[in-house]
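Quick notes on the structure that follows.
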Amino acid sequence: MTSAAARVVRTEPITTGTVGAYRGTFAASDPVLDAGDVLPAGWEGVFFPFAVPLADLRPDGTPARDGVVPEIDLPRRMYAGETTEFLRPIRVGDEVTQTTTLGGVVEKSGSRGRLTFVDIDREYAVDGEVAVRSVWHDVFLEAADPDAPQRAPQPQPQVAAEADWVEEIALDARQLFRFSALTFNTHLIHYDRAWARDVEGLPDLLVHGPLTRILLMDAARRHAHGRVPARLDVRAIAPILVDRPLRLVGGGATGDGLRVTALDADDVVLATADIAFHH
């Protein structure tokens with residue numbers, strides 16, 4: 001691993017062990033992948049774990065010093081979405097070089113206090129050619145205020161009613177633990193219920209944003225009729241919680257793109273993913 005001027009470069013192989021661990025936990029209906037098979041779009045996010053020393057973690061378990069993102073004096077950190085381009089296939093067995101750099105850093109003030117939005121740019125290259133280019137959007141927040149009024153949820157029943165297909169899942173604590181282990185993600189909000197409730201102000205454990213992005217992409221892939229993804233745009237809107245029914249609903253696979261929406265049991269939109277396909 002090398003780093004210089006907010007730039008980190010790492011190289012690692014796409015191994016059947018990691019691919020099989022993700023598949024066996026979250027995509028058991030997918031075929032087993034062997035060396036030479038194309039890695040499903042989005043699964044590159046299971047590789048290149050958050051490898052920072054324990055001393056460089058923030059109290060919430062997220063990286064404080066990773067060689068890219070500057071230290072930010074706000075206690076909470078969340079995945080807010082991304083834009084990812086899939087330019088060429090990555091195959092199982094490939095040696096992939098990931099280059100991570102800092103994008104924009106924007107400070108704002110909202111109804112709940114200060115926020116800092118940080119863009120993290122990642123490129124995944126095989127044999128010197130960029131295969132995936134991704135910009136993740138993270139947001140840093142002030143401490144949760146238990147006395148702050150909660151926004152009333154806005155159900156949108158028309159989203160499911162107008163969908164072409166619906167998949168129903170519920171993620172449990174075992175799956176969250178496995179994803180944390182696969183990606184070396186030590187964010188306490190995913191496995192420490194006391195922290196999630198008492199510090200973050202959530203009812204229960206939070207499903208990882210980086211996992212949600214793959215689940216949305218996986219659902220799109222199953223209904224894409226063989227079309228190859230070219231671009232993924234994700235927007236995280238509301239918390240997805242452990243052990244709650246989750247519906248992934250989609251439509252538009254016959255056009256140039258497809259939208260997948262994550263809905264809770266009350267028809268509240270939790271996240272959206274817009275997928276465009278190669279022509």
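Chains: A, B, ... in order of the structure tokens. Residues: from 1 per chain. Ligands: from 1, in order shown.
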*range 217-220 of chain A surroundings by only C-alpha atoms, 9 Å radius, close-in-sequence under 6 positions cut, as a count of residues only*: 18
Using 8 Å as the limit and counting only C-alpha atoms, can you tabulate each residue of range 166-220 of chain A that touches range 234-244 of chain A, with its shortest atom-to-atom distance in Å and the two atoms involved, as a Markdown table?
```
| residue | atom | partner | partner_atom | distance |
| --- | --- | --- | --- | --- |
| A:Ala170 | CA | A:Asp243 | CA | 5.6 |
| A:Leu171 | CA | A:Asp243 | CA | 5.5 |
| A:Asp172 | CA | A:Asp243 | CA | 5.0 |
| A:Ala173 | CA | A:Val242 | CA | 6.5 |
| A:Leu176 | CA | A:Val242 | CA | 8.0 |
| A:Pro203 | CA | A:Leu241 | CA | 8.0 |
| A:Asp204 | CA | A:Leu241 | CA | 6.3 |
| A:Leu205 | CA | A:Val242 | CA | 5.5 |
| A:Leu206 | CA | A:Leu241 | CA | 4.7 |
| A:Val207 | CA | A:Ile240 | CA | 5.5 |
| A:Gly209 | CA | A:Ala236 | CA | 7.4 |
| A:Arg213 | CA | A:Val234 | CA | 6.8 |
```
Atoms kept (C-alpha atoms) for selection, written as a PDB file, in the first residue's frame:
```pdb
ATOM      1  CA  ALA A 170     -34.900  -9.150   5.801  1.00  0.00           C
ATOM      2  CA  LEU A 171     -31.307  -8.817   6.926  1.00  0.00           C
ATOM      3  CA  ASP A 172     -30.374 -10.225  10.329  1.00  0.00           C
ATOM      4  CA  ALA A 173     -27.485  -9.539  12.703  1.00  0.00           C
ATOM      5  CA  LEU A 176     -24.457  -7.629   9.184  1.00  0.00           C
ATOM      6  CA  PRO A 203     -34.134   2.045  16.973  1.00  0.00           C
ATOM      7  CA  ASP A 204     -31.732  -0.803  16.144  1.00  0.00           C
ATOM      8  CA  LEU A 205     -28.630  -1.802  14.166  1.00  0.00           C
ATOM      9  CA  LEU A 206     -28.117  -0.104  10.811  1.00  0.00           C
ATOM     10  CA  VAL A 207     -27.614  -2.047   7.590  1.00  0.00           C
ATOM     11  CA  GLY A 209     -24.697   1.558   3.086  1.00  0.00           C
ATOM     12  CA  ARG A 213     -25.586  -0.578  -2.771  1.00  0.00           C
TER      13      ARG A 213
END
```
_So that I can check the secondary structure, give me every residue of range 71-201 of chain A assigned alpha helix (DSSP H) by backbone DSSP, as a ChimeraX atom specification._
/A:157-161,173-183,193-194
Write a file of the just-selected residues containing all heavy atoms, as a short mmCIF file (atom, residue, chain, number, x, y, z; two decimals), in the first residue's frame.
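The resulting file, selection.cif, is shown below:
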```cif
data_model
loop_
_atom_site.label_atom_id
_atom_site.label_comp_id
_atom_site.auth_asym_id
_atom_site.auth_seq_id
_atom_site.Cartn_x
_atom_site.Cartn_y
_atom_site.Cartn_z
N PRO A 157 -46.96 4.54 -1.42
CA PRO A 157 -47.44 3.22 -1.85
C PRO A 157 -47.45 3.04 -3.36
O PRO A 157 -47.42 1.91 -3.85
CB PRO A 157 -48.87 3.17 -1.29
CG PRO A 157 -49.24 4.62 -1.05
CD PRO A 157 -47.97 5.32 -0.68
N GLN A 158 -47.43 4.13 -4.11
CA GLN A 158 -47.47 4.02 -5.57
C GLN A 158 -46.19 3.40 -6.11
O GLN A 158 -46.19 2.82 -7.22
CB GLN A 158 -47.71 5.39 -6.21
CG GLN A 158 -46.52 6.34 -6.20
CD GLN A 158 -46.34 7.08 -4.87
OE1 GLN A 158 -47.05 6.82 -3.90
NE2 GLN A 158 -45.39 8.00 -4.84
N VAL A 159 -45.08 3.50 -5.38
CA VAL A 159 -43.82 2.96 -5.87
C VAL A 159 -43.93 1.45 -6.07
O VAL A 159 -43.57 0.91 -7.12
CB VAL A 159 -42.66 3.31 -4.92
CG1 VAL A 159 -41.36 2.64 -5.38
CG2 VAL A 159 -42.47 4.83 -4.85
N ALA A 160 -44.43 0.75 -5.05
CA ALA A 160 -44.60 -0.70 -5.17
C ALA A 160 -45.74 -1.05 -6.11
O ALA A 160 -45.66 -2.02 -6.89
CB ALA A 160 -44.83 -1.32 -3.80
N ALA A 161 -46.81 -0.27 -6.05
CA ALA A 161 -47.98 -0.57 -6.88
C ALA A 161 -47.66 -0.49 -8.38
O ALA A 161 -48.23 -1.23 -9.19
CB ALA A 161 -49.12 0.39 -6.53
N ALA A 173 -28.75 -9.96 12.11
CA ALA A 173 -27.48 -9.54 12.70
C ALA A 173 -26.32 -10.41 12.24
O ALA A 173 -25.18 -9.94 12.18
CB ALA A 173 -27.59 -9.55 14.22
N ARG A 174 -26.59 -11.67 11.92
CA ARG A 174 -25.51 -12.54 11.43
C ARG A 174 -24.97 -12.02 10.10
O ARG A 174 -23.75 -12.00 9.86
CB ARG A 174 -26.02 -13.97 11.26
CG ARG A 174 -26.54 -14.62 12.53
CD ARG A 174 -27.25 -15.92 12.21
NE ARG A 174 -28.33 -15.72 11.25
CZ ARG A 174 -28.96 -16.69 10.59
NH1 ARG A 174 -28.60 -17.96 10.79
NH2 ARG A 174 -29.93 -16.43 9.74
N GLN A 175 -25.87 -11.58 9.22
CA GLN A 175 -25.44 -11.07 7.93
C GLN A 175 -24.69 -9.75 8.07
O GLN A 175 -23.68 -9.52 7.39
CB GLN A 175 -26.65 -10.91 7.01
CG GLN A 175 -27.27 -12.23 6.59
CD GLN A 175 -28.59 -12.04 5.90
OE1 GLN A 175 -29.56 -11.57 6.50
NE2 GLN A 175 -28.66 -12.41 4.63
N LEU A 176 -25.17 -8.88 8.96
CA LEU A 176 -24.46 -7.63 9.18
C LEU A 176 -23.05 -7.89 9.72
O LEU A 176 -22.08 -7.25 9.31
CB LEU A 176 -25.24 -6.74 10.15
CG LEU A 176 -26.23 -5.75 9.52
CD1 LEU A 176 -27.26 -6.47 8.66
CD2 LEU A 176 -26.90 -4.91 10.59
N PHE A 177 -22.94 -8.85 10.64
CA PHE A 177 -21.63 -9.19 11.19
C PHE A 177 -20.71 -9.70 10.08
O PHE A 177 -19.53 -9.32 10.00
CB PHE A 177 -21.76 -10.23 12.29
CG PHE A 177 -20.43 -10.66 12.86
CD1 PHE A 177 -19.81 -9.94 13.87
CD2 PHE A 177 -19.77 -11.77 12.36
CE1 PHE A 177 -18.58 -10.32 14.37
CE2 PHE A 177 -18.54 -12.17 12.85
CZ PHE A 177 -17.95 -11.44 13.86
N ARG A 178 -21.24 -10.56 9.23
CA ARG A 178 -20.40 -11.12 8.16
C ARG A 178 -19.93 -10.03 7.20
O ARG A 178 -18.78 -10.03 6.76
CB ARG A 178 -21.16 -12.21 7.40
CG ARG A 178 -21.17 -13.55 8.10
CD ARG A 178 -21.61 -14.65 7.15
NE ARG A 178 -21.31 -15.97 7.71
CZ ARG A 178 -21.39 -17.09 7.03
NH1 ARG A 178 -21.79 -17.07 5.76
NH2 ARG A 178 -21.10 -18.25 7.59
N PHE A 179 -20.81 -9.08 6.86
CA PHE A 179 -20.38 -8.02 5.95
C PHE A 179 -19.33 -7.14 6.63
O PHE A 179 -18.36 -6.72 5.98
CB PHE A 179 -21.56 -7.18 5.48
CG PHE A 179 -21.21 -6.29 4.32
CD1 PHE A 179 -21.14 -6.80 3.04
CD2 PHE A 179 -20.94 -4.94 4.52
CE1 PHE A 179 -20.79 -5.98 1.96
CE2 PHE A 179 -20.59 -4.12 3.46
CZ PHE A 179 -20.52 -4.64 2.17
N SER A 180 -19.53 -6.86 7.91
CA SER A 180 -18.51 -6.10 8.64
C SER A 180 -17.17 -6.83 8.61
O SER A 180 -16.11 -6.21 8.43
CB SER A 180 -18.95 -5.87 10.09
OG SER A 180 -20.00 -4.94 10.18
N ALA A 181 -17.20 -8.14 8.79
CA ALA A 181 -15.96 -8.93 8.79
C ALA A 181 -15.33 -8.95 7.41
O ALA A 181 -14.11 -8.79 7.27
CB ALA A 181 -16.25 -10.35 9.27
N LEU A 182 -16.13 -9.14 6.37
CA LEU A 182 -15.60 -9.18 5.01
C LEU A 182 -14.90 -7.89 4.63
O LEU A 182 -13.85 -7.90 3.98
CB LEU A 182 -16.73 -9.44 4.01
CG LEU A 182 -17.12 -10.88 3.70
CD1 LEU A 182 -18.36 -10.90 2.82
CD2 LEU A 182 -15.98 -11.61 3.01
N THR A 183 -15.46 -6.76 5.05
CA THR A 183 -14.94 -5.46 4.63
C THR A 183 -14.13 -4.78 5.73
O THR A 183 -13.70 -3.64 5.54
CB THR A 183 -16.09 -4.54 4.20
OG1 THR A 183 -17.03 -4.42 5.28
CG2 THR A 183 -16.80 -5.11 2.98
N ARG A 193 -25.69 -2.72 19.51
CA ARG A 193 -27.05 -2.16 19.62
C ARG A 193 -27.10 -0.99 20.60
O ARG A 193 -27.83 -0.02 20.36
CB ARG A 193 -28.03 -3.26 20.07
CG ARG A 193 -28.51 -4.13 18.94
CD ARG A 193 -29.68 -5.02 19.34
NE ARG A 193 -30.38 -5.54 18.16
CZ ARG A 193 -30.13 -6.69 17.59
NH1 ARG A 193 -29.16 -7.47 18.07
NH2 ARG A 193 -30.81 -7.08 16.53
N ALA A 194 -26.36 -1.06 21.68
CA ALA A 194 -26.36 0.04 22.64
C ALA A 194 -25.86 1.32 21.98
O ALA A 194 -26.41 2.41 22.19
CB ALA A 194 -25.52 -0.31 23.86
#
```
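Proximity ranking of A:Val105, A:Leu87, A:Ala152, A:Leu270 relative to Val228 in chain A places A:Leu87 first, based on only C-alpha atoms.
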*asked:* Just want the 8 Å neighbourhood of Asp56 in chain A, counted on only C-alpha atoms, with same-chain residues fewer than 6 positions away dropped. Output as a VMD selection string.
replied: chain A and resid 63 to 66
*Contacts of Thr100 in chain A at 6 Å (only C-alpha atoms; same-chain gap of 3+ positions) as a list in words*: Arg7, Val8, Asp121 and Arg122 of chain A
Restricting the output to all heavy atoms, write the selected residues as a short mmCIF file (atom, residue, chain, number, x, y, z; two decimals), in the first residue's frame.
```cif
data_model
loop_
_atom_site.label_atom_id
_atom_site.label_comp_id
_atom_site.auth_asym_id
_atom_site.auth_seq_id
_atom_site.Cartn_x
_atom_site.Cartn_y
_atom_site.Cartn_z
N ARG A 7 -3.77 10.30 -1.34
CA ARG A 7 -3.89 9.29 -2.39
C ARG A 7 -3.40 7.97 -1.81
O ARG A 7 -2.30 7.89 -1.25
CB ARG A 7 -3.04 9.70 -3.59
CG ARG A 7 -2.89 8.67 -4.70
CD ARG A 7 -1.88 9.19 -5.72
NE ARG A 7 -1.60 8.23 -6.76
CZ ARG A 7 -2.21 8.20 -7.93
NH1 ARG A 7 -3.14 9.09 -8.21
NH2 ARG A 7 -1.89 7.30 -8.84
N VAL A 8 -4.20 6.93 -1.94
CA VAL A 8 -3.82 5.61 -1.45
C VAL A 8 -3.98 4.62 -2.60
O VAL A 8 -5.03 4.57 -3.25
CB VAL A 8 -4.68 5.18 -0.24
CG1 VAL A 8 -4.40 3.73 0.13
CG2 VAL A 8 -4.41 6.08 0.96
N ASP A 121 -13.11 9.32 -4.18
CA ASP A 121 -12.99 8.81 -5.55
C ASP A 121 -12.15 7.54 -5.55
O ASP A 121 -11.04 7.52 -4.99
CB ASP A 121 -12.32 9.85 -6.45
CG ASP A 121 -13.09 11.16 -6.52
OD1 ASP A 121 -14.28 11.15 -6.18
OD2 ASP A 121 -12.50 12.17 -6.93
N ARG A 122 -12.66 6.50 -6.20
CA ARG A 122 -11.92 5.23 -6.29
C ARG A 122 -11.92 4.75 -7.73
O ARG A 122 -12.95 4.78 -8.42
CB ARG A 122 -12.56 4.16 -5.40
CG ARG A 122 -12.54 4.46 -3.91
CD ARG A 122 -13.12 3.29 -3.12
NE ARG A 122 -13.08 3.51 -1.69
CZ ARG A 122 -14.06 4.05 -0.96
NH1 ARG A 122 -15.18 4.42 -1.58
NH2 ARG A 122 -13.94 4.20 0.33
#
```
*asked:* I'd like to know which residues of range 38-142 of chain A are strand (DSSP E or B) (by DSSP, run on the backbone); could you write them as an MDAnalysis selection string?
replied: chainID A and resid 38 57 63 76:86 91 95:110 113:126 129:141
Export of prior selection with C-alpha atoms as a short mmCIF file (atom, residue, chain, number, x, y, z; two decimals), in the first residue's frame:
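This went into part-v5.cif:
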```cif
data_model
loop_
_atom_site.label_atom_id
_atom_site.label_comp_id
_atom_site.auth_asym_id
_atom_site.auth_seq_id
_atom_site.Cartn_x
_atom_site.Cartn_y
_atom_site.Cartn_z
CA VAL A 38 -16.94 -12.07 -14.55
CA LEU A 57 -10.23 4.83 14.26
CA PRO A 63 -11.55 5.67 10.08
CA ARG A 76 -21.03 10.67 13.22
CA ARG A 77 -20.34 9.38 9.70
CA MET A 78 -22.75 7.88 7.17
CA TYR A 79 -22.74 6.63 3.56
CA ALA A 80 -25.01 8.96 1.58
CA GLY A 81 -24.79 7.51 -1.91
CA GLU A 82 -22.54 7.20 -4.94
CA THR A 83 -22.00 7.39 -8.68
CA THR A 84 -20.17 4.41 -10.16
CA GLU A 85 -19.21 3.65 -13.76
CA PHE A 86 -18.58 0.07 -14.93
CA ARG A 91 -12.86 -11.26 -13.45
CA GLU A 95 -5.07 -8.58 -9.83
CA VAL A 96 -6.84 -5.28 -9.25
CA THR A 97 -5.25 -1.97 -8.30
CA GLN A 98 -7.47 0.41 -6.38
CA THR A 99 -6.51 4.09 -6.32
CA THR A 100 -8.37 6.21 -3.76
CA THR A 101 -8.26 10.01 -3.77
CA LEU A 102 -10.13 12.81 -2.10
CA GLY A 103 -12.90 14.53 -4.03
CA GLY A 104 -14.84 17.54 -2.80
CA VAL A 105 -15.34 18.52 0.84
CA VAL A 106 -18.35 20.76 1.46
CA GLU A 107 -19.55 22.12 4.80
CA LYS A 108 -23.20 22.99 5.27
CA SER A 109 -25.69 23.84 8.01
CA GLY A 110 -29.10 22.21 8.20
CA GLY A 113 -26.83 21.43 12.77
CA ARG A 114 -23.53 21.26 10.92
CA LEU A 115 -22.84 18.72 8.19
CA THR A 116 -19.76 17.97 6.10
CA PHE A 117 -20.11 16.14 2.80
CA VAL A 118 -17.03 14.31 1.54
CA ASP A 119 -16.58 12.67 -1.86
CA ILE A 120 -14.19 9.71 -2.06
CA ASP A 121 -12.99 8.81 -5.55
CA ARG A 122 -11.92 5.23 -6.29
CA GLU A 123 -10.63 3.64 -9.47
CA TYR A 124 -10.24 -0.11 -9.93
CA ALA A 125 -7.77 -1.03 -12.68
CA VAL A 126 -6.76 -4.33 -14.27
CA GLU A 129 -6.86 -0.16 -17.60
CA VAL A 130 -9.57 1.34 -15.41
CA ALA A 131 -12.46 -1.12 -15.03
CA VAL A 132 -14.58 0.67 -12.43
CA ARG A 133 -14.65 4.34 -11.49
CA SER A 134 -16.61 5.24 -8.36
CA VAL A 135 -17.38 8.35 -6.32
CA TRP A 136 -18.83 7.64 -2.89
CA HIS A 137 -20.55 10.38 -0.93
CA ASP A 138 -20.13 10.30 2.85
CA VAL A 139 -21.69 12.75 5.30
CA PHE A 140 -20.39 13.70 8.74
CA LEU A 141 -22.99 14.79 11.29
#
```
_Interatomic distance, CA of Arg10 in chain A to CA of Phe47 in chain A (Å, one decimal)_ =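 Going from CA of Arg10 in chain A over to CA of Phe47 in chain A covers 10.7 Å.
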*Using only C-alpha atoms, determine which residues lie at most 8 Å from Gln156 in chain A, disregarding the query and same-chain residues fewer than 6 positions distant; provide the list as a list of chain:residue names.*
A:Asp267, A:Val268, A:Val269
*Closest to Phe48 in chain A among A:Ile214, A:Val9, A:Val166, A:Val199, using only C-alpha atoms?*
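For Phe48 in chain A, the nearest of the given residues is A:Val9.
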_So that I can see what lies close to Gly93 in chain A, please list as a ChimeraX atom specification the residues with an atom at most 7 Å from it, counting only C-alpha atoms and leaving out residues fewer than 6 positions away in the same chain._
/A:13-15,35-36
